[in-house]
$ cat target.txt   # compact mmCIF, C-alpha atoms and all ligand atoms
# COMPACT_ATOMS: atom_id res chain seq x y z
CA MET A 1 0.61 -13.40 28.30
CA LYS A 2 4.04 -14.07 26.81
CA ASN A 3 7.10 -12.28 28.13
CA LEU A 4 9.57 -10.45 25.89
CA VAL A 5 13.06 -9.22 26.71
CA LEU A 6 13.99 -6.53 24.18
CA LEU A 7 17.68 -5.62 24.12
CA GLY A 8 18.51 -2.44 22.21
CA SER A 9 14.96 -1.10 22.59
CA THR A 10 15.99 2.47 21.67
CA GLY A 11 17.44 1.59 18.25
CA SER A 12 15.87 1.19 14.83
CA ILE A 13 14.94 -2.49 15.32
CA GLY A 14 14.10 -1.89 18.98
CA GLU A 15 11.60 0.88 18.26
CA GLN A 16 10.02 -1.09 15.41
CA THR A 17 9.66 -4.07 17.76
CA LEU A 18 7.75 -1.88 20.20
CA ASP A 19 5.50 -0.77 17.36
CA VAL A 20 4.76 -4.42 16.52
CA LEU A 21 4.21 -5.24 20.18
CA GLU A 22 1.53 -2.58 20.49
CA ARG A 23 -0.43 -4.37 17.77
CA LEU A 24 -0.22 -7.78 19.45
CA ASP A 25 -2.39 -8.44 22.49
CA ASN A 26 -0.58 -11.41 24.01
CA TRP A 27 2.90 -10.01 24.70
CA ASN A 28 4.15 -8.35 27.89
CA LEU A 29 7.37 -6.31 27.69
CA LYS A 30 9.37 -7.71 30.61
CA ALA A 31 12.70 -5.96 30.05
CA ILE A 32 14.34 -3.30 27.89
CA SER A 33 17.87 -1.98 27.49
CA CYS A 34 19.84 0.80 25.88
CA TYR A 35 23.37 2.14 25.82
CA LYS A 36 23.11 5.93 26.17
CA SER A 37 19.64 7.00 24.94
CA ILE A 38 18.35 7.66 28.44
CA ASP A 39 15.59 10.07 27.45
CA LYS A 40 14.18 7.57 24.98
CA ILE A 41 14.31 4.56 27.32
CA ARG A 42 12.70 6.55 30.13
CA LYS A 43 9.74 7.31 27.88
CA GLN A 44 9.55 3.64 26.82
CA ALA A 45 9.69 2.54 30.46
CA ILE A 46 6.90 4.92 31.48
CA LYS A 47 4.74 3.73 28.59
CA PHE A 48 5.35 -0.04 28.77
CA ARG A 49 6.26 -0.45 32.47
CA PRO A 50 8.79 -3.29 32.08
CA ASP A 51 9.94 -5.02 35.29
CA TYR A 52 13.61 -4.65 34.32
CA ILE A 53 15.71 -1.99 32.60
CA ALA A 54 19.41 -2.21 31.78
CA ILE A 55 21.58 0.79 30.93
CA TYR A 56 25.32 1.08 30.48
CA ASP A 57 26.40 3.88 32.75
CA GLU A 58 25.64 4.27 36.45
CA THR A 59 25.86 8.07 36.17
CA ASP A 60 22.69 7.97 34.01
CA LEU A 61 20.63 6.37 36.78
CA LYS A 62 19.17 9.58 38.23
CA GLU A 63 18.27 10.88 34.78
CA LEU A 64 16.56 7.56 33.97
CA LYS A 65 14.34 7.58 37.06
CA LYS A 66 13.31 11.20 36.68
CA ASP A 67 9.51 11.36 36.13
CA PHE A 68 8.91 7.67 36.97
CA PRO A 69 5.35 7.60 38.30
CA ILE A 70 4.80 6.74 41.97
CA GLY A 71 4.55 2.98 42.37
CA TYR A 72 6.62 2.16 39.30
CA ASP A 73 9.86 0.70 40.63
CA PRO A 74 11.59 -1.52 38.04
CA GLU A 75 14.81 -3.39 38.78
CA ILE A 76 17.62 -1.45 37.08
CA LEU A 77 20.80 -3.19 35.97
CA ILE A 78 24.02 -1.42 35.03
CA GLY A 79 26.75 -2.24 32.53
CA ALA A 80 27.40 -4.95 29.94
CA SER A 81 26.72 -7.68 32.51
CA GLY A 82 23.22 -6.24 32.91
CA PHE A 83 22.38 -6.78 29.23
CA ALA A 84 23.52 -10.40 29.47
CA GLU A 85 21.61 -10.87 32.72
CA LEU A 86 18.35 -9.71 31.12
CA ALA A 87 18.84 -12.20 28.28
CA GLY A 88 19.01 -15.00 30.84
CA LEU A 89 15.94 -14.09 32.94
CA ASN A 90 13.44 -16.78 33.92
CA ASN A 91 9.89 -16.94 32.53
CA VAL A 92 10.84 -15.46 29.19
CA ASP A 93 9.19 -16.51 25.93
CA MET A 94 11.58 -14.66 23.65
CA VAL A 95 14.67 -12.49 23.81
CA ILE A 96 14.99 -10.10 20.87
CA ASN A 97 18.60 -9.05 20.50
CA ALA A 98 18.58 -5.69 18.69
CA ILE A 99 21.89 -4.46 20.11
CA VAL A 100 24.34 -3.28 17.45
CA GLY A 101 27.81 -4.79 17.19
CA ALA A 102 29.93 -7.29 19.10
CA ALA A 103 28.32 -6.13 22.37
CA GLY A 104 25.44 -8.40 21.35
CA LEU A 105 27.41 -11.62 21.65
CA GLU A 106 27.26 -12.17 25.40
CA PRO A 107 23.49 -11.54 25.58
CA SER A 108 22.90 -13.96 22.67
CA TYR A 109 25.03 -16.56 24.43
CA ASN A 110 23.26 -16.03 27.74
CA ALA A 111 19.82 -16.29 26.16
CA ILE A 112 20.67 -19.67 24.69
CA ILE A 113 22.43 -21.07 27.73
CA SER A 114 19.33 -20.06 29.74
CA ASN A 115 17.02 -21.85 27.27
CA ASN A 116 15.43 -18.61 26.07
CA LYS A 117 14.26 -18.52 22.45
CA LEU A 118 16.23 -15.89 20.53
CA GLY A 119 14.87 -13.48 17.91
CA LEU A 120 18.14 -12.40 16.37
CA ALA A 121 18.71 -9.05 14.66
CA ASN A 122 22.28 -8.72 16.01
CA LYS A 123 24.15 -10.41 13.15
CA GLU A 124 27.54 -9.65 14.75
CA SER A 125 26.80 -12.33 17.41
CA LEU A 126 27.01 -15.00 14.76
CA VAL A 127 29.83 -13.39 12.78
CA ILE A 128 32.17 -13.48 15.77
CA GLY A 129 30.63 -16.28 17.80
CA GLY A 130 28.76 -18.60 15.43
CA ASN A 131 31.10 -21.45 16.39
CA LEU A 132 30.10 -20.95 20.04
CA ILE A 133 26.41 -20.14 19.70
CA ILE A 134 25.13 -22.50 17.02
CA PRO A 135 26.40 -25.80 18.52
CA LEU A 136 25.12 -24.61 21.92
CA ALA A 137 21.67 -23.81 20.52
CA ARG A 138 21.56 -27.22 18.87
CA GLU A 139 22.70 -29.00 22.03
CA LYS A 140 20.10 -27.18 24.16
CA ASN A 141 17.41 -27.32 21.49
CA VAL A 142 16.85 -23.54 21.66
CA ASP A 143 15.31 -21.87 18.60
CA ILE A 144 17.02 -18.93 16.91
CA ILE A 145 14.57 -17.07 14.65
CA PRO A 146 16.45 -14.72 12.31
CA ILE A 147 15.11 -11.17 12.09
CA ASP A 148 17.68 -9.86 9.59
CA SER A 149 15.49 -9.57 6.47
CA GLU A 150 17.55 -11.81 4.15
CA HIS A 151 17.89 -14.57 6.75
CA ASN A 152 14.28 -14.29 7.75
CA ALA A 153 13.40 -14.76 4.06
CA ILE A 154 15.67 -17.80 3.71
CA PHE A 155 14.35 -19.24 7.00
CA GLN A 156 10.84 -19.03 5.51
CA LEU A 157 11.97 -20.50 2.17
CA LEU A 158 13.79 -23.44 3.75
CA ASP A 159 10.87 -24.32 6.02
CA GLY A 160 9.80 -27.86 5.16
CA LYS A 161 12.46 -28.33 2.46
CA ASP A 162 14.75 -31.31 2.26
CA ARG A 163 18.26 -29.82 2.75
CA ASP A 164 19.68 -32.00 0.00
CA GLN A 165 17.34 -30.41 -2.53
CA VAL A 166 18.77 -26.94 -1.92
CA SER A 167 21.74 -26.09 -4.14
CA GLN A 168 22.27 -22.40 -3.29
CA LEU A 169 21.25 -19.68 -0.85
CA ILE A 170 21.05 -16.35 -2.70
CA LEU A 171 21.27 -13.25 -0.55
CA THR A 172 20.02 -10.08 -2.20
CA ALA A 173 21.95 -6.82 -1.68
CA SER A 174 20.58 -3.41 -2.56
CA GLY A 175 24.08 -2.23 -3.49
CA GLY A 176 23.67 0.66 -1.05
CA PRO A 177 23.76 4.38 -1.85
CA PHE A 178 26.90 4.02 -4.02
CA TYR A 179 25.67 1.28 -6.31
CA GLY A 180 27.08 1.94 -9.78
CA TYR A 181 29.81 4.33 -8.51
CA THR A 182 33.34 3.91 -9.85
CA ALA A 183 36.38 3.57 -7.55
CA GLU A 184 37.17 7.27 -8.20
CA GLU A 185 33.62 8.39 -7.47
CA ILE A 186 33.48 6.82 -4.01
CA GLU A 187 36.77 8.43 -2.92
CA ASP A 188 35.10 11.69 -1.87
CA VAL A 189 31.70 10.59 -0.58
CA THR A 190 30.56 12.10 2.73
CA VAL A 191 29.11 10.57 5.88
CA GLU A 192 25.73 12.05 4.97
CA ASP A 193 25.87 10.43 1.49
CA ALA A 194 26.81 7.08 3.01
CA LEU A 195 24.00 7.18 5.59
CA ALA A 196 21.36 7.71 2.90
CA HIS A 197 20.34 4.11 2.23
CA PRO A 198 18.06 3.91 -0.83
CA ASN A 199 15.45 1.57 0.67
CA TRP A 200 15.81 0.99 4.40
CA ASP A 201 15.77 3.35 7.37
CA MET A 202 18.33 1.81 9.75
CA GLY A 203 20.86 2.63 12.47
CA SER A 204 24.07 4.39 11.44
CA LYS A 205 26.46 1.43 11.73
CA ILE A 206 24.48 -0.95 9.52
CA SER A 207 23.80 1.89 7.05
CA ILE A 208 27.55 2.41 6.55
CA ASP A 209 28.01 -1.37 6.30
CA SER A 210 25.43 -1.43 3.51
CA ALA A 211 27.32 1.33 1.69
CA THR A 212 30.64 -0.59 1.80
CA LEU A 213 28.91 -3.98 1.14
CA MET A 214 30.34 -5.19 4.45
CA ASN A 215 26.74 -5.67 5.57
CA LYS A 216 26.34 -8.32 2.90
CA GLY A 217 29.69 -9.83 3.86
CA LEU A 218 28.58 -10.09 7.50
CA GLU A 219 25.31 -11.57 6.28
CA VAL A 220 27.13 -14.26 4.28
CA ILE A 221 28.85 -15.37 7.50
CA GLU A 222 25.56 -15.08 9.40
CA ALA A 223 23.88 -17.32 6.77
CA TYR A 224 26.71 -19.84 6.99
CA TRP A 225 26.08 -20.32 10.72
CA LEU A 226 22.30 -20.09 10.69
CA PHE A 227 21.66 -22.49 7.82
CA GLU A 228 24.89 -24.52 7.78
CA TYR A 229 25.54 -24.53 4.03
CA SER A 230 29.14 -24.21 2.84
CA TYR A 231 30.38 -20.82 1.56
CA ASP A 232 30.38 -21.98 -2.06
CA LYS A 233 26.61 -22.47 -1.69
CA ILE A 234 26.01 -18.93 -0.45
CA ASP A 235 25.79 -16.36 -3.24
CA VAL A 236 25.12 -12.61 -3.32
CA VAL A 237 23.19 -10.83 -6.06
CA ILE A 238 22.61 -7.10 -6.32
CA HIS A 239 18.91 -6.28 -6.41
CA PRO A 240 18.54 -2.49 -6.07
CA GLN A 241 14.81 -2.50 -5.28
CA SER A 242 15.09 -4.66 -2.09
CA ILE A 243 11.69 -6.17 -2.91
CA ILE A 244 13.06 -9.71 -3.05
CA HIS A 245 14.53 -10.23 0.39
CA SER A 246 16.43 -13.37 -0.62
CA MET A 247 16.11 -16.59 -2.61
CA ILE A 248 17.01 -20.27 -2.59
CA GLU A 249 17.93 -22.32 -5.65
CA LEU A 250 16.87 -25.97 -5.75
CA ILE A 251 18.77 -28.80 -7.44
CA ASP A 252 16.40 -28.85 -10.43
CA GLY A 253 17.23 -25.17 -11.13
CA SER A 254 14.02 -23.70 -9.67
CA ILE A 255 14.57 -20.50 -7.70
CA LEU A 256 12.19 -19.63 -4.87
CA ALA A 257 12.01 -16.06 -3.59
CA GLU A 258 10.44 -14.18 -0.67
CA LEU A 259 9.10 -10.76 -1.65
CA GLY A 260 7.73 -7.98 0.50
CA THR A 261 7.65 -4.31 1.35
CA ALA A 262 10.96 -3.06 2.80
CA ASP A 263 9.69 -2.86 6.38
CA MET A 264 11.45 -4.64 9.23
CA ARG A 265 8.23 -4.92 11.21
CA THR A 266 7.31 -7.91 9.04
CA PRO A 267 10.28 -10.12 10.04
CA ILE A 268 10.02 -8.85 13.64
CA GLN A 269 6.38 -9.90 13.82
CA TYR A 270 7.27 -13.18 12.09
CA ALA A 271 9.75 -13.98 14.88
CA LEU A 272 7.22 -13.12 17.59
CA LYS A 273 4.39 -15.14 16.02
CA TYR A 274 6.36 -18.12 14.65
CA PRO A 275 5.12 -20.73 13.73
CA ASP A 276 1.85 -18.77 13.36
CA ARG A 277 1.44 -15.78 11.06
CA GLY A 278 0.45 -12.26 12.03
CA SER A 279 -1.56 -9.68 10.09
CA ASN A 280 -0.11 -7.44 7.36
CA ILE A 281 1.61 -4.53 9.13
CA ALA A 282 3.74 -3.23 6.26
CA GLY A 283 0.95 -2.75 3.72
CA LYS A 284 0.19 -4.75 0.61
CA LEU A 285 2.99 -5.12 -1.91
CA ASN A 286 1.25 -4.13 -5.10
CA LEU A 287 3.04 -6.01 -7.88
CA ASN A 288 1.13 -4.07 -10.53
CA GLU A 289 2.82 -0.88 -9.35
CA ILE A 290 6.35 -2.30 -9.42
CA SER A 291 7.72 -1.50 -12.83
CA ARG A 292 10.82 -3.67 -12.61
CA LEU A 293 12.98 -5.96 -10.52
CA GLU A 294 16.66 -5.74 -11.47
CA PHE A 295 19.65 -7.97 -10.78
CA ASP A 296 23.38 -7.40 -11.15
CA SER A 297 26.72 -8.75 -9.92
CA PRO A 298 28.46 -7.01 -7.02
CA ASP A 299 31.42 -4.82 -8.02
CA LEU A 300 34.10 -6.54 -5.95
CA GLU A 301 36.90 -4.20 -7.05
CA THR A 302 35.20 -1.01 -5.90
CA PHE A 303 33.68 -2.67 -2.81
CA PRO A 304 36.39 -5.06 -1.49
CA ALA A 305 34.64 -5.65 1.86
CA LEU A 306 32.48 -8.44 0.44
CA THR A 307 35.48 -10.49 -0.67
CA MET A 308 37.26 -9.87 2.65
CA ALA A 309 34.20 -11.22 4.46
CA TYR A 310 33.95 -14.35 2.30
CA GLU A 311 37.66 -15.02 2.80
CA SER A 312 37.47 -14.42 6.55
CA GLY A 313 34.47 -16.72 6.84
CA LYS A 314 36.18 -19.47 4.87
CA SER A 315 39.42 -19.10 6.87
CA GLY A 316 37.45 -19.27 10.12
CA LYS A 317 39.47 -19.31 13.35
CA GLY A 318 39.91 -15.68 14.47
CA TYR A 319 39.46 -14.05 11.05
CA PRO A 320 35.74 -13.18 11.29
CA ILE A 321 36.39 -11.69 14.75
CA VAL A 322 39.19 -9.52 13.32
CA LEU A 323 37.06 -8.54 10.33
CA ASN A 324 34.17 -7.51 12.55
CA ALA A 325 36.20 -5.69 15.20
CA ALA A 326 38.24 -3.74 12.65
CA ASN A 327 35.06 -2.88 10.77
CA GLU A 328 33.27 -1.58 13.87
CA ILE A 329 36.17 0.68 14.79
CA ALA A 330 36.72 1.89 11.21
CA VAL A 331 33.02 2.63 10.72
CA LYS A 332 32.98 4.63 13.96
CA ALA A 333 36.07 6.58 12.79
CA PHE A 334 34.35 7.30 9.46
CA LEU A 335 31.17 8.45 11.22
CA ASP A 336 33.33 10.72 13.40
CA LYS A 337 34.96 12.06 10.20
CA ARG A 338 38.42 10.86 11.27
CA ILE A 339 38.92 8.74 8.13
CA GLY A 340 37.47 8.69 4.62
CA PHE A 341 34.99 6.16 3.21
CA THR A 342 37.52 4.06 1.29
CA ASP A 343 39.80 3.97 4.36
CA ILE A 344 37.27 1.68 6.04
CA SER A 345 38.18 -1.27 3.80
CA LYS A 346 41.88 -0.38 3.83
CA VAL A 347 41.96 -0.45 7.64
CA ILE A 348 40.16 -3.81 7.76
CA SER A 349 42.54 -5.27 5.19
CA LYS A 350 45.55 -4.15 7.26
CA MET A 351 44.12 -5.74 10.39
CA LEU A 352 43.41 -9.04 8.61
CA ASP A 353 47.00 -9.07 7.29
CA LYS A 354 48.35 -8.66 10.82
CA HIS A 355 46.35 -11.59 12.21
CA ASN A 356 47.89 -15.02 12.82
CA SER A 357 45.20 -17.65 13.11
CA GLY A 358 44.48 -19.62 16.29
CA GLU A 359 41.45 -21.12 17.95
CA PHE A 360 38.87 -18.82 19.56
CA ASN A 361 36.13 -21.05 20.86
CA THR A 362 35.08 -19.84 24.31
CA LEU A 363 33.24 -16.64 25.11
CA ASP A 364 36.33 -15.25 26.88
CA GLU A 365 38.66 -16.13 23.98
CA ILE A 366 36.34 -14.45 21.47
CA LEU A 367 35.80 -11.35 23.58
CA ASN A 368 39.55 -11.02 24.31
CA LEU A 369 40.47 -11.11 20.63
CA ASN A 370 37.65 -8.67 19.87
CA ARG A 371 39.02 -6.26 22.50
CA THR A 372 42.64 -6.59 21.33
CA VAL A 373 41.78 -6.00 17.67
CA ARG A 374 39.64 -2.99 18.51
CA ASN A 375 42.56 -1.39 20.36
CA MET A 376 45.02 -2.24 17.58
CA THR A 377 42.63 -0.83 14.96
CA GLU A 378 42.45 2.48 16.83
CA GLU A 379 46.26 2.65 16.60
CA VAL A 380 46.23 1.88 12.87
CA ILE A 381 43.63 4.60 12.32
CA LEU A 382 45.94 7.17 13.92
CA THR A 383 48.37 6.54 11.05
CA CYS A 384 45.71 7.09 8.32
N1 LIG B 401 17.96 -1.40 11.47
C1 LIG B 401 17.62 -2.37 10.64
O1 LIG B 401 16.70 -2.21 9.81
C2 LIG B 401 18.33 -3.68 10.68
C3 LIG B 401 19.26 -3.97 11.67
N2 LIG B 401 19.85 -5.20 11.73
C4 LIG B 401 20.80 -5.49 12.79
O2 LIG B 401 20.17 -5.24 14.05
C5 LIG B 401 21.11 -4.74 15.00
C6 LIG B 401 20.61 -3.38 15.49
O3 LIG B 401 20.60 -2.48 14.42
P1 LIG B 401 19.91 -1.05 14.52
O4 LIG B 401 18.61 -1.17 15.25
O5 LIG B 401 19.91 -0.50 13.16
O6 LIG B 401 20.97 -0.25 15.40
P2 LIG B 401 20.76 1.12 16.19
O7 LIG B 401 22.08 1.78 16.23
O8 LIG B 401 19.60 1.87 15.66
O9 LIG B 401 20.37 0.63 17.67
C7 LIG B 401 21.28 -0.12 18.43
C8 LIG B 401 20.74 -0.41 19.82
O10 LIG B 401 21.78 -1.04 20.58
C9 LIG B 401 22.11 -0.20 21.71
N3 LIG B 401 23.56 -0.25 21.89
C10 LIG B 401 24.50 0.43 21.19
N4 LIG B 401 25.74 0.12 21.63
C11 LIG B 401 25.57 -0.76 22.64
C12 LIG B 401 26.46 -1.44 23.50
N5 LIG B 401 27.80 -1.28 23.43
N6 LIG B 401 25.95 -2.27 24.43
C13 LIG B 401 24.61 -2.44 24.52
N7 LIG B 401 23.71 -1.83 23.74
C14 LIG B 401 24.18 -1.01 22.80
C15 LIG B 401 21.62 1.17 21.36
O11 LIG B 401 21.41 1.96 22.51
P3 LIG B 401 21.47 3.58 22.41
O12 LIG B 401 20.25 3.99 21.63
O13 LIG B 401 21.43 4.02 23.81
O14 LIG B 401 22.74 3.91 21.69
C16 LIG B 401 20.35 0.83 20.61
O15 LIG B 401 19.33 0.52 21.51
C17 LIG B 401 22.45 -4.64 14.24
O16 LIG B 401 23.20 -5.80 14.49
C18 LIG B 401 22.04 -4.61 12.77
O17 LIG B 401 23.02 -5.12 11.91
C19 LIG B 401 19.56 -6.19 10.82
C20 LIG B 401 18.67 -5.94 9.81
C21 LIG B 401 18.01 -4.68 9.64
C1 LIG B 402 16.89 -4.63 6.28
C2 LIG B 402 18.08 -5.47 6.29
O1 LIG B 402 18.02 -6.66 6.54
C3 LIG B 402 19.38 -4.85 6.00
O2 LIG B 402 20.45 -5.73 6.32
C4 LIG B 402 19.37 -4.49 4.57
O3 LIG B 402 19.35 -5.65 3.82
C5 LIG B 402 20.53 -3.65 4.22
O4 LIG B 402 20.56 -3.46 2.88
P1 LIG B 402 21.75 -3.91 1.92
O5 LIG B 402 21.18 -4.97 1.04
O6 LIG B 402 22.02 -2.61 1.21
O7 LIG B 402 22.92 -4.37 2.73
MN MN B 403 19.90 -7.64 6.17
$ encode --input "target.txt" --output "structure tokens" --more "lines below"
Ligand SMILES: NC(=O)C1=CN([C@@H]2O[C@H](COP(=O)(O)OP(=O)(O)OC[C@H]3O[C@@H](n4cnc5c(N)ncnc54)[C@H](OP(=O)(O)O)[C@@H]3O)[C@@H](O)[C@H]2O)C=CC1
Ligand SMILES: CC(=O)[C@@H](O)[C@H](O)COP(=O)(O)O
Ligand SMILES: [Mn+2]
Amino acid sequence: MKNLVLLGSTGSIGEQTLDVLERLDNWNLKAISCYKSIDKIRKQAIKFRPDYIAIYDETDLKELKKDFPIGYDPEILIGASGFAELAGLNNVDMVINAIVGAAGLEPSYNAIISNNKLGLANKESLVIGGNLIIPLAREKNVDIIPIDSEHNAIFQLLDGKDRDQVSQLILTASGGPFYGYTAEEIEDVTVEDALAHPNWDMGSKISIDSATLMNKGLEVIEAYWLFEYSYDKIDVVIHPQSIIHSMIELIDGSILAELGTADMRTPIQYALKYPDRGSNIAGKLNLNEISRLEFDSPDLETFPALTMAYESGKSGKGYPIVLNAANEIAVKAFLDKRIGFTDISKVISKMLDKHNSGEFNTLDEILNLNRTVRNMTEEVILTC
């Protein structure tokens, strides 16, 4: 049996990973974690009986253990250090990091430093810490298998290709629920409108990121670190159907694409089975039933987040950390109905303007800047 550590088991990717796991007969769930969904993780623990569980808050401990059957006595870890500790356990065949946000960085780092293969859904790890994680993974020869659908597609497309023959990585973007809206039309959209992604059923933070196009911006930076092509070789095209998960262009002009049903269980299973292939979980993509595949350019005026992400990525230094931290806080404020939808980008822009570059290379340096910017963003939001 292979051992899996699943961080963020109660979220959208986490629950889909458990669904995949139930269909595979050679994986044992060694550890799970959540932030606050204690009811959900208790049920997962009772069903899968992992040896380790990590939760954030000690006061939830009693609630977690309620109804544990006699004889089931997992080791329970508390707090952010617990998530990182699980990522670094011994006898682990893969860590899947399905935590949302910057909180995923330390576990990603700990997985790699502990020589544990990483199935990475948590794109924020690479956005804020790509300069730390990628050289470390290379030095230690630890595989990172991307789970994010676009990066999983590109990973598949690049497999066996000569790097010099690849002229462009082309990330597809659905455009989100407000594709085609004018600047005036998005002024008054609601949280409920923004959460209604046209093709994917995801957690709330990434759903809002898709609506602002920040998701694609974060993914551009994620692609830069994962595949190590310069930013001028990473393009974004709007493809509202999300059937093509991404493409690569070769030097002779040929474009190769990966197509599939919009179901994250496919890239999750891919990561677990790599380099083998699993069975078809998502159902056959019937090309005869697809009436059209459309393409368009992103509207950078109405959705400024994409440009801010490209510029932050190119500037490097602390800019992607500022971009990500300000975005996380602004998205939370929007979800809490403290600011409007278009304020999200305005807040991020203000925070980027305030930043003076500098080097942020160690885990502590990155996490300190992340913390500082989050606090400063909260203050800026009070003035909105
Ligand atoms: N959902 C999707 O289809 C896709 C997601 N991704 C990426 O995968 C990651 C997870 O996304 P998604 O599953 O949608 O997110 P969800 O919000 O659905 O789940 C997030 C998970 O992380 C846990 N969590 C939240 N905050 C913290 C924290 N501070 N410390 C530790 N754990 C925490 C949550 O616990 P609790 O339930 O207790 O809050 C939950 O288990 C994101 O980086 C996202 O961008 C990428 C591609 C597609
Ligand atoms: C499923 C997945 O990988 C998401 O990142 C998805 O791509 C979001 O859709 P957008 O293309 O709208 O950002
Ligand atoms: Mn994606």
$ residues_around --input "target.txt" --residues "Ala102 of chain A" --least-positions-apart "3" --cutoff "8 Å" --atoms "only C-alpha atoms" --output "list in words"
Leu105, Glu124, Ser125, Ile128, Asn324, Ala325 and Asn370 of chain A
$ residues_around --input "target.txt" --residues "segment 255-271 of chain A" --least-positions-apart "6" --cutoff "7 Å" --atoms "only C-alpha atoms" --output "compact mmCIF listing (two decimals) with C-alpha atoms, in the frame of the given file"
# COMPACT_ATOMS: atom_id res chain seq x y z
CA GLN A 16 10.02 -1.09 15.41
CA THR A 17 9.66 -4.07 17.76
CA VAL A 20 4.76 -4.42 16.52
CA GLY A 119 14.87 -13.48 17.91
CA ILE A 145 14.57 -17.07 14.65
CA ILE A 147 15.11 -11.17 12.09
CA SER A 149 15.49 -9.57 6.47
CA ASN A 152 14.28 -14.29 7.75
CA ALA A 153 13.40 -14.76 4.06
CA ASN A 199 15.45 1.57 0.67
CA TRP A 200 15.81 0.99 4.40
CA SER A 242 15.09 -4.66 -2.09
CA ILE A 243 11.69 -6.17 -2.91
CA ILE A 244 13.06 -9.71 -3.05
CA HIS A 245 14.53 -10.23 0.39
CA SER A 246 16.43 -13.37 -0.62
CA MET A 247 16.11 -16.59 -2.61
CA ILE A 248 17.01 -20.27 -2.59
CA GLU A 249 17.93 -22.32 -5.65
CA ARG A 277 1.44 -15.78 11.06
CA GLY A 278 0.45 -12.26 12.03
CA ILE A 281 1.61 -4.53 9.13
CA ALA A 282 3.74 -3.23 6.26
CA LEU A 285 2.99 -5.12 -1.91
$ closest_residue --input "target.txt" --among "A:Met1, A:Val95, A:Val380, A:Ala103" --to "ligand LIG 401 (chain B)" --atoms "only C-alpha atoms and all ligand atoms"
A:Ala103
$ residues_near_ligand --input "target.txt" --ligand "ligand LIG 401 (chain B)" --cutoff "6 Å" --atoms "all atoms listed in the file" --output "list in words"
Gly8, Ser9, Thr10, Gly11, Ser12, Ile13, Gly14, Cys34, Tyr35, Lys36, Ser37, Ala98, Ile99, Val100, Gly101, Ala103, Ala121, Asn122, Lys123, Glu124, Asp148, Ser149, Met202, Gly203, Ser204, Ile206 and Met264 of chain A
$ write_last_selection --input "target.txt" --atoms "C-alpha atoms" --output "PDB file, in the frame of the given file"
ATOM      1  CA  GLY A   8      18.510  -2.440  22.210  1.00  0.00           C
ATOM      2  CA  SER A   9      14.960  -1.100  22.590  1.00  0.00           C
ATOM      3  CA  THR A  10      15.990   2.470  21.670  1.00  0.00           C
ATOM      4  CA  GLY A  11      17.440   1.590  18.250  1.00  0.00           C
ATOM      5  CA  SER A  12      15.870   1.190  14.830  1.00  0.00           C
ATOM      6  CA  ILE A  13      14.940  -2.490  15.320  1.00  0.00           C
ATOM      7  CA  GLY A  14      14.100  -1.890  18.980  1.00  0.00           C
ATOM      8  CA  CYS A  34      19.840   0.800  25.880  1.00  0.00           C
ATOM      9  CA  TYR A  35      23.370   2.140  25.820  1.00  0.00           C
ATOM     10  CA  LYS A  36      23.110   5.930  26.170  1.00  0.00           C
ATOM     11  CA  SER A  37      19.640   7.000  24.940  1.00  0.00           C
ATOM     12  CA  ALA A  98      18.580  -5.690  18.690  1.00  0.00           C
ATOM     13  CA  ILE A  99      21.890  -4.460  20.110  1.00  0.00           C
ATOM     14  CA  VAL A 100      24.340  -3.280  17.450  1.00  0.00           C
ATOM     15  CA  GLY A 101      27.810  -4.790  17.190  1.00  0.00           C
ATOM     16  CA  ALA A 103      28.320  -6.130  22.370  1.00  0.00           C
ATOM     17  CA  ALA A 121      18.710  -9.050  14.660  1.00  0.00           C
ATOM     18  CA  ASN A 122      22.280  -8.720  16.010  1.00  0.00           C
ATOM     19  CA  LYS A 123      24.150 -10.410  13.150  1.00  0.00           C
ATOM     20  CA  GLU A 124      27.540  -9.650  14.750  1.00  0.00           C
ATOM     21  CA  ASP A 148      17.680  -9.860   9.590  1.00  0.00           C
ATOM     22  CA  SER A 149      15.490  -9.570   6.470  1.00  0.00           C
ATOM     23  CA  MET A 202      18.330   1.810   9.750  1.00  0.00           C
ATOM     24  CA  GLY A 203      20.860   2.630  12.470  1.00  0.00           C
ATOM     25  CA  SER A 204      24.070   4.390  11.440  1.00  0.00           C
ATOM     26  CA  ILE A 206      24.480  -0.950   9.520  1.00  0.00           C
ATOM     27  CA  MET A 264      11.450  -4.640   9.230  1.00  0.00           C
TER      28      MET A 264
END
$ residues_near_ligand --input "target.txt" --ligand "ligand LIG 402 (chain B)" --cutoff "6 Å" --atoms "all atoms listed in the file" --output "MDAnalysis selection string"
chainID A and resid 148:150 173:176 210 215:216
$ closest_residue --input "target.txt" --among "A:Leu272, A:Leu158, A:Ala137, A:Leu171" --to "ligand MN 403 (chain B)" --atoms "only C-alpha atoms and all ligand atoms"
A:Leu171
$ atom_distance --input "target.txt" --atom1 "atom CA of Ser33 of chain A" --atom2 "atom CA of Pro69 of chain A"
19.1 Å
$ residues_around --input "target.txt" --residues "Phe83 of chain A" --least-positions-apart "2" --cutoff "9 Å" --atoms "all atoms listed in the file" --output "VMD selection string"
chain A and resid 7 32 to 34 53 to 56 77 to 81 85 to 87 104 106 to 107
$ decode --input "target.txt" --residues "segment 347-354 of chain A" --atoms "C-alpha atoms" --output "short mmCIF file (atom, residue, chain, number, x, y, z; two decimals), in the first residue's frame"
data_model
loop_
_atom_site.label_atom_id
_atom_site.label_comp_id
_atom_site.auth_asym_id
_atom_site.auth_seq_id
_atom_site.Cartn_x
_atom_site.Cartn_y
_atom_site.Cartn_z
CA VAL A 347 -7.13 47.38 -2.99
CA ILE A 348 -4.48 45.13 -4.58
CA SER A 349 -3.28 47.97 -6.79
CA LYS A 350 -2.90 50.25 -3.74
CA MET A 351 -0.88 47.63 -1.90
CA LEU A 352 1.43 47.04 -4.88
CA ASP A 353 2.01 50.81 -5.13
CA LYS A 354 3.03 50.94 -1.48
#
